[in-house]
Amino acid sequence: MPQHQSPARPLTRRAFIKDGALAVVGTASIPTFLTRSVLAQATTAQAQGKRLVVIFQRGAADGLNVVVPYREPSYYQYRPYISIPAQQVIDLDGFFGLHPAMAPLKPLWDARHLAIVHASGSPDPTRSHFDAQDYMESGTPGVKATLDGWLNRALQAQDAACSGCAHTPFRAVALGPEVPRTLEGSIQTIALDNLRDFCVDSAPAAADFAAMYDHSTDAVLHGTGQETFEAVRMLQSADPAHYTPAIGADYPGGPFGNSLKQIAQLLKANLGVEAAFADIGGWDTHHDQGGAEGQLAGRLRDFSQGLAAFWTDMGDEAENVTIVTMSEFGRTCRENGTGGTDHGHANAMFILGGGVRGGQVHGHWPGLAPEQLYQGRDLAITTDFRQVLGEAAFRTLGARNLELVFPQAGLNRSDFLNILQV
């Protein structure tokens, strides 16, 4: 039982799942527990060491102050108080630059491990956080009836391209209390809130727990009991309570830094992780957004420091990881009367990895002149977010059936921006 649970408290499956911070969702059967000696044989992607990490910036990040078009005269006209002064921008290519709070990412840019896609986003015009997040996580803009998430379908497409491939219980992992929309679907996903909480103290308790799940008829956990128990044992073998990040991996305090540190731990423990998900909130800056300092700057420090620490922590294994970031939409070009920005349209995505064609801002820049704005107020979208995610799924996970991953999008390889090396 969990260490913090009283011995007198009866062990129930729901108590264990809650206190152990573990959730398993999936209706497809998965193979018997794979021992550590065969974990490296998991899938085509896993055999090649490829892993995909998706990060969602919830709340609509202000892409124009994140990746600043500081050579655009209109940018400073629209934002007299919250713009980033040109002399404080971290220059990238003479036109775009990073917010000064994102200094930890500049070495990754210089080393060509980091790429950016500006003016990207969902073609759906909604300005609702709830709807926009749902559309991006389902991968079906404008369609509310989609039952599963795009990343779960990417793993389904991977299976179709590699019939008979084996997987571990940790194939798909989300850091958080529940499985996110992005990973909902028939492929089993494990949601982890805190790795340190896992412990089954005694052999009798372990046996009772396993037996209880063998007879489980729970609608959510049915068919996954033994795998759930084995997942806990795998975590125990990784010794999460005593994990030490690599030298120089300075994770920020708080939930985001902790999530990335735990993803790094899971990847380095060779548990068979192929896809991982984490999110970071606090991007809805309607008021007091700030410029080079302030509310947005604080979020960006956590964001950039977390990514840089993750990269350092992964060491040589970072070469086989692809990280993609996304946010539901951008923010208005013009600042509002309360020192903030309102819900907009296009945004910026980051792609980080060993196979990334980095040191470039990809996509077509539409401009910020009044006549170039979407609905006269927002940065226009020139790259559908599914082009970026589709390429990541195709080239990292080996998901060949793009129609399965993004139904009715008409997406094919010719739509890729070639951000990732073949």
# chains A, B, ... in the order shown; residues from 1 in each chain; ligands from 1
>>> residues_around(residues="Thr322 of chain A", least_positions_apart="6", cutoff="6 Å", atoms="only C-alpha atoms", output="ChimeraX atom specification")
/A:52,352-353
>>> residues_around(residues="Trp283 of chain A", least_positions_apart="2", cutoff="7 Å", atoms="only C-alpha atoms", output="short mmCIF file (atom, residue, chain, number, x, y, z; two decimals) with N, CA and C atoms, in the first residue's frame")
data_model
loop_
_atom_site.label_atom_id
_atom_site.label_comp_id
_atom_site.auth_asym_id
_atom_site.auth_seq_id
_atom_site.Cartn_x
_atom_site.Cartn_y
_atom_site.Cartn_z
N GLN A 57 0.15 24.49 -23.76
CA GLN A 57 0.14 25.75 -23.01
C GLN A 57 -1.31 26.21 -22.90
N ARG A 58 -1.94 25.90 -21.79
CA ARG A 58 -3.37 26.17 -21.65
C ARG A 58 -3.63 27.62 -21.26
N GLY A 59 -4.56 28.23 -22.00
CA GLY A 59 -4.94 29.61 -21.71
C GLY A 59 -4.68 30.57 -22.84
N ALA A 60 -4.06 30.10 -23.92
CA ALA A 60 -3.78 30.91 -25.11
C ALA A 60 -2.60 31.85 -24.89
N ALA A 61 -1.41 31.34 -25.17
CA ALA A 61 -0.18 32.11 -25.02
C ALA A 61 -0.12 33.22 -26.07
N GLY A 281 -0.35 25.80 -17.40
CA GLY A 281 -1.39 26.82 -17.49
C GLY A 281 -0.87 28.22 -17.21
N THR A 285 -3.70 36.07 -20.42
CA THR A 285 -3.24 37.37 -19.92
C THR A 285 -4.13 38.53 -20.39
#
>>> closest_atom_pairs(of="segment 29-129 of chain A", to="segment 329-349 of chain A", cutoff="12 Å", atoms="only C-alpha atoms", output="tab-separated table")
residue	atom	partner	partner_atom	distance
A:Val54	CA	A:Met349	CA	11.0
A:Ile55	CA	A:Met349	CA	10.0
A:Phe56	CA	A:Met349	CA	10.0
A:Gln57	CA	A:Phe329	CA	9.7
A:Arg58	CA	A:Phe329	CA	9.4
A:Gly59	CA	A:Phe329	CA	8.3
A:Ala60	CA	A:Phe329	CA	5.1
A:Ala61	CA	A:Gly330	CA	5.7
A:Asp62	CA	A:Arg331	CA	5.2
A:Gly63	CA	A:Asn347	CA	4.7
A:Leu64	CA	A:Asn347	CA	7.4
A:Asn65	CA	A:Arg331	CA	9.6
A:Val66	CA	A:Ala348	CA	7.8
A:Val67	CA	A:Ala348	CA	7.0
A:Val68	CA	A:Ala348	CA	10.0
A:Pro69	CA	A:Ala348	CA	11.4
A:Glu72	CA	A:Cys333	CA	11.8
A:Ser74	CA	A:Cys333	CA	9.0
A:Tyr75	CA	A:Cys333	CA	7.3
A:Tyr76	CA	A:Arg334	CA	9.3
A:Gln77	CA	A:Arg334	CA	8.3
A:Tyr78	CA	A:Arg334	CA	4.5
A:Arg79	CA	A:Glu335	CA	5.4
A:Pro80	CA	A:Glu335	CA	8.0
A:Tyr81	CA	A:Gly339	CA	7.3
A:Ile82	CA	A:Gly339	CA	6.9
A:Ser83	CA	A:Glu335	CA	8.9
A:Phe96	CA	A:Ala348	CA	11.5
A:Leu98	CA	A:Ala348	CA	11.2
A:Leu114	CA	A:Met349	CA	10.6
A:Ala115	CA	A:Met349	CA	8.5
A:Ile116	CA	A:Met349	CA	5.7
A:Val117	CA	A:Met349	CA	5.1
A:His118	CA	A:Ala348	CA	4.3
A:Ala119	CA	A:Ala346	CA	4.9
A:Ser120	CA	A:Ala346	CA	5.2
A:Gly121	CA	A:Ala346	CA	5.2
A:Ser122	CA	A:Phe329	CA	7.2
A:Pro123	CA	A:His345	CA	8.6
A:Asp124	CA	A:His345	CA	9.0
A:Pro125	CA	A:His345	CA	7.4
A:Thr126	CA	A:His345	CA	8.6
A:Arg127	CA	A:His343	CA	5.9
A:Ser128	CA	A:His343	CA	8.2
A:His129	CA	A:Phe329	CA	8.2
>>> closest_residue(among="A:Ala86, A:Leu402, A:Asp193, A:Asp239", to="Pro73 of chain A", atoms="only C-alpha atoms")
A:Ala86
>>> closest_residue(among="A:Glu184, A:Glu137, A:Asp250, A:Glu274", to="Gln158 of chain A", atoms="only C-alpha atoms")
A:Glu274
>>> select_by_dssp(residues="segment 77-145 of chain A", states="strand (DSSP E or B)", output="number ranges by chain")
A: 90-91, 97-98, 114-121
>>> write_last_selection(atoms="C-alpha atoms", output="mmCIF file, in the first residue's frame")
data_model
loop_
_atom_site.group_PDB
_atom_site.id
_atom_site.type_symbol
_atom_site.label_atom_id
_atom_site.label_comp_id
_atom_site.auth_asym_id
_atom_site.auth_seq_id
_atom_site.Cartn_x
_atom_site.Cartn_y
_atom_site.Cartn_z
ATOM 1 C CA ILE A 90 16.954 37.816 -27.991
ATOM 2 C CA ASP A 91 17.611 37.944 -31.723
ATOM 3 C CA GLY A 97 13.494 37.240 -31.533
ATOM 4 C CA LEU A 98 12.656 35.517 -28.267
ATOM 5 C CA LEU A 114 15.083 24.149 -31.646
ATOM 6 C CA ALA A 115 12.729 25.260 -34.411
ATOM 7 C CA ILE A 116 9.682 27.540 -34.358
ATOM 8 C CA VAL A 117 6.556 27.623 -36.490
ATOM 9 C CA HIS A 118 4.971 31.058 -36.336
ATOM 10 C CA ALA A 119 1.501 32.029 -37.538
ATOM 11 C CA SER A 120 0.268 28.496 -36.781
ATOM 12 C CA GLY A 121 -2.946 27.309 -35.188
#
>>> decode(residues="segment 228-270 of chain A", atoms="N, CA and C atoms", output="PDB file, in the first residue's frame")
ATOM      1  N   THR A 228      -2.008  -2.792 -14.576  1.00  0.00           N
ATOM      2  CA  THR A 228      -1.883  -1.686 -13.635  1.00  0.00           C
ATOM      3  C   THR A 228      -0.917  -2.045 -12.523  1.00  0.00           C
ATOM      4  N   PHE A 229      -1.087  -3.247 -11.975  1.00  0.00           N
ATOM      5  CA  PHE A 229      -0.220  -3.681 -10.896  1.00  0.00           C
ATOM      6  C   PHE A 229       1.229  -3.791 -11.374  1.00  0.00           C
ATOM      7  N   GLU A 230       1.436  -4.339 -12.551  1.00  0.00           N
ATOM      8  CA  GLU A 230       2.790  -4.458 -13.069  1.00  0.00           C
ATOM      9  C   GLU A 230       3.396  -3.086 -13.350  1.00  0.00           C
ATOM     10  N   ALA A 231       2.556  -2.117 -13.775  1.00  0.00           N
ATOM     11  CA  ALA A 231       3.055  -0.766 -13.988  1.00  0.00           C
ATOM     12  C   ALA A 231       3.589  -0.184 -12.689  1.00  0.00           C
ATOM     13  N   VAL A 232       2.867  -0.442 -11.582  1.00  0.00           N
ATOM     14  CA  VAL A 232       3.333   0.030 -10.278  1.00  0.00           C
ATOM     15  C   VAL A 232       4.671  -0.624  -9.938  1.00  0.00           C
ATOM     16  N   ARG A 233       4.791  -1.909 -10.194  1.00  0.00           N
ATOM     17  CA  ARG A 233       6.053  -2.601  -9.898  1.00  0.00           C
ATOM     18  C   ARG A 233       7.184  -2.061 -10.769  1.00  0.00           C
ATOM     19  N   MET A 234       6.895  -1.753 -12.017  1.00  0.00           N
ATOM     20  CA  MET A 234       7.916  -1.182 -12.882  1.00  0.00           C
ATOM     21  C   MET A 234       8.386   0.165 -12.341  1.00  0.00           C
ATOM     22  N   LEU A 235       7.424   0.962 -11.869  1.00  0.00           N
ATOM     23  CA  LEU A 235       7.801   2.254 -11.302  1.00  0.00           C
ATOM     24  C   LEU A 235       8.663   2.075 -10.066  1.00  0.00           C
ATOM     25  N   GLN A 236       8.307   1.112  -9.242  1.00  0.00           N
ATOM     26  CA  GLN A 236       9.110   0.861  -8.049  1.00  0.00           C
ATOM     27  C   GLN A 236      10.546   0.493  -8.424  1.00  0.00           C
ATOM     28  N   SER A 237      10.694  -0.307  -9.459  1.00  0.00           N
ATOM     29  CA  SER A 237      12.037  -0.718  -9.866  1.00  0.00           C
ATOM     30  C   SER A 237      12.855   0.468 -10.360  1.00  0.00           C
ATOM     31  N   ALA A 238      12.163   1.517 -10.836  1.00  0.00           N
ATOM     32  CA  ALA A 238      12.865   2.722 -11.290  1.00  0.00           C
ATOM     33  C   ALA A 238      13.274   3.612 -10.124  1.00  0.00           C
ATOM     34  N   ASP A 239      12.798   3.287  -8.909  1.00  0.00           N
ATOM     35  CA  ASP A 239      13.164   3.993  -7.679  1.00  0.00           C
ATOM     36  C   ASP A 239      12.924   5.494  -7.793  1.00  0.00           C
ATOM     37  N   PRO A 240      11.669   5.919  -8.027  1.00  0.00           N
ATOM     38  CA  PRO A 240      11.390   7.335  -8.275  1.00  0.00           C
ATOM     39  C   PRO A 240      11.724   8.253  -7.110  1.00  0.00           C
ATOM     40  N   ALA A 241      11.703   7.747  -5.891  1.00  0.00           N
ATOM     41  CA  ALA A 241      11.947   8.610  -4.740  1.00  0.00           C
ATOM     42  C   ALA A 241      13.397   9.078  -4.661  1.00  0.00           C
ATOM     43  N   HIS A 242      14.296   8.408  -5.387  1.00  0.00           N
ATOM     44  CA  HIS A 242      15.704   8.738  -5.277  1.00  0.00           C
ATOM     45  C   HIS A 242      16.301   9.197  -6.614  1.00  0.00           C
ATOM     46  N   TYR A 243      15.458   9.723  -7.476  1.00  0.00           N
ATOM     47  CA  TYR A 243      15.948  10.171  -8.781  1.00  0.00           C
ATOM     48  C   TYR A 243      16.742  11.467  -8.645  1.00  0.00           C
ATOM     49  N   THR A 244      17.876  11.525  -9.312  1.00  0.00           N
ATOM     50  CA  THR A 244      18.702  12.732  -9.336  1.00  0.00           C
ATOM     51  C   THR A 244      18.896  13.154 -10.781  1.00  0.00           C
ATOM     52  N   PRO A 245      18.432  14.353 -11.172  1.00  0.00           N
ATOM     53  CA  PRO A 245      18.627  14.811 -12.545  1.00  0.00           C
ATOM     54  C   PRO A 245      20.115  14.941 -12.879  1.00  0.00           C
ATOM     55  N   ALA A 246      20.415  14.968 -14.150  1.00  0.00           N
ATOM     56  CA  ALA A 246      21.795  15.117 -14.605  1.00  0.00           C
ATOM     57  C   ALA A 246      22.357  16.463 -14.161  1.00  0.00           C
ATOM     58  N   ILE A 247      23.655  16.528 -14.067  1.00  0.00           N
ATOM     59  CA  ILE A 247      24.321  17.773 -13.687  1.00  0.00           C
ATOM     60  C   ILE A 247      23.959  18.873 -14.689  1.00  0.00           C
ATOM     61  N   GLY A 248      23.536  20.024 -14.170  1.00  0.00           N
ATOM     62  CA  GLY A 248      23.181  21.149 -15.026  1.00  0.00           C
ATOM     63  C   GLY A 248      21.714  21.213 -15.396  1.00  0.00           C
ATOM     64  N   ALA A 249      20.952  20.163 -15.051  1.00  0.00           N
ATOM     65  CA  ALA A 249      19.504  20.152 -15.344  1.00  0.00           C
ATOM     66  C   ALA A 249      18.780  20.876 -14.212  1.00  0.00           C
ATOM     67  N   ASP A 250      18.587  22.166 -14.376  1.00  0.00           N
ATOM     68  CA  ASP A 250      18.017  23.015 -13.335  1.00  0.00           C
ATOM     69  C   ASP A 250      16.530  23.223 -13.600  1.00  0.00           C
ATOM     70  N   TYR A 251      15.715  22.281 -13.149  1.00  0.00           N
ATOM     71  CA  TYR A 251      14.272  22.384 -13.351  1.00  0.00           C
ATOM     72  C   TYR A 251      13.688  23.491 -12.474  1.00  0.00           C
ATOM     73  N   PRO A 252      12.720  24.251 -13.010  1.00  0.00           N
ATOM     74  CA  PRO A 252      12.056  25.246 -12.163  1.00  0.00           C
ATOM     75  C   PRO A 252      11.147  24.567 -11.153  1.00  0.00           C
ATOM     76  N   GLY A 253      10.903  25.225 -10.024  1.00  0.00           N
ATOM     77  CA  GLY A 253       9.949  24.690  -9.080  1.00  0.00           C
ATOM     78  C   GLY A 253       8.544  24.795  -9.631  1.00  0.00           C
ATOM     79  N   GLY A 254       7.627  24.024  -9.097  1.00  0.00           N
ATOM     80  CA  GLY A 254       6.247  24.077  -9.555  1.00  0.00           C
ATOM     81  C   GLY A 254       5.860  22.896 -10.401  1.00  0.00           C
ATOM     82  N   PRO A 255       4.584  22.814 -10.775  1.00  0.00           N
ATOM     83  CA  PRO A 255       4.058  21.628 -11.478  1.00  0.00           C
ATOM     84  C   PRO A 255       4.713  21.348 -12.823  1.00  0.00           C
ATOM     85  N   PHE A 256       4.998  22.388 -13.620  1.00  0.00           N
ATOM     86  CA  PHE A 256       5.529  22.129 -14.956  1.00  0.00           C
ATOM     87  C   PHE A 256       6.931  21.537 -14.888  1.00  0.00           C
ATOM     88  N   GLY A 257       7.792  22.149 -14.099  1.00  0.00           N
ATOM     89  CA  GLY A 257       9.139  21.616 -13.959  1.00  0.00           C
ATOM     90  C   GLY A 257       9.127  20.201 -13.419  1.00  0.00           C
ATOM     91  N   ASN A 258       8.229  19.938 -12.472  1.00  0.00           N
ATOM     92  CA  ASN A 258       8.126  18.600 -11.900  1.00  0.00           C
ATOM     93  C   ASN A 258       7.633  17.596 -12.936  1.00  0.00           C
ATOM     94  N   SER A 259       6.693  18.014 -13.788  1.00  0.00           N
ATOM     95  CA  SER A 259       6.192  17.116 -14.836  1.00  0.00           C
ATOM     96  C   SER A 259       7.301  16.739 -15.812  1.00  0.00           C
ATOM     97  N   LEU A 260       8.075  17.728 -16.251  1.00  0.00           N
ATOM     98  CA  LEU A 260       9.145  17.430 -17.206  1.00  0.00           C
ATOM     99  C   LEU A 260      10.231  16.566 -16.570  1.00  0.00           C
ATOM    100  N   LYS A 261      10.521  16.821 -15.312  1.00  0.00           N
ATOM    101  CA  LYS A 261      11.528  16.001 -14.622  1.00  0.00           C
ATOM    102  C   LYS A 261      11.067  14.552 -14.545  1.00  0.00           C
ATOM    103  N   GLN A 262       9.779  14.339 -14.288  1.00  0.00           N
ATOM    104  CA  GLN A 262       9.267  12.975 -14.190  1.00  0.00           C
ATOM    105  C   GLN A 262       9.202  12.299 -15.559  1.00  0.00           C
ATOM    106  N   ILE A 263       8.899  13.068 -16.616  1.00  0.00           N
ATOM    107  CA  ILE A 263       8.942  12.484 -17.959  1.00  0.00           C
ATOM    108  C   ILE A 263      10.370  12.046 -18.281  1.00  0.00           C
ATOM    109  N   ALA A 264      11.346  12.892 -17.952  1.00  0.00           N
ATOM    110  CA  ALA A 264      12.742  12.530 -18.189  1.00  0.00           C
ATOM    111  C   ALA A 264      13.099  11.254 -17.431  1.00  0.00           C
ATOM    112  N   GLN A 265      12.637  11.153 -16.203  1.00  0.00           N
ATOM    113  CA  GLN A 265      12.923   9.963 -15.405  1.00  0.00           C
ATOM    114  C   GLN A 265      12.330   8.715 -16.040  1.00  0.00           C
ATOM    115  N   LEU A 266      11.082   8.815 -16.493  1.00  0.00           N
ATOM    116  CA  LEU A 266      10.433   7.668 -17.117  1.00  0.00           C
ATOM    117  C   LEU A 266      11.152   7.254 -18.406  1.00  0.00           C
ATOM    118  N   LEU A 267      11.556   8.237 -19.201  1.00  0.00           N
ATOM    119  CA  LEU A 267      12.256   7.929 -20.449  1.00  0.00           C
ATOM    120  C   LEU A 267      13.605   7.283 -20.172  1.00  0.00           C
ATOM    121  N   LYS A 268      14.334   7.817 -19.215  1.00  0.00           N
ATOM    122  CA  LYS A 268      15.671   7.311 -18.914  1.00  0.00           C
ATOM    123  C   LYS A 268      15.626   5.957 -18.227  1.00  0.00           C
ATOM    124  N   ALA A 269      14.501   5.627 -17.586  1.00  0.00           N
ATOM    125  CA  ALA A 269      14.359   4.328 -16.917  1.00  0.00           C
ATOM    126  C   ALA A 269      14.070   3.203 -17.892  1.00  0.00           C
ATOM    127  N   ASN A 270      13.918   3.527 -19.177  1.00  0.00           N
ATOM    128  CA  ASN A 270      13.689   2.507 -20.199  1.00  0.00           C
ATOM    129  C   ASN A 270      12.439   1.685 -19.916  1.00  0.00           C
TER     130      ASN A 270
END
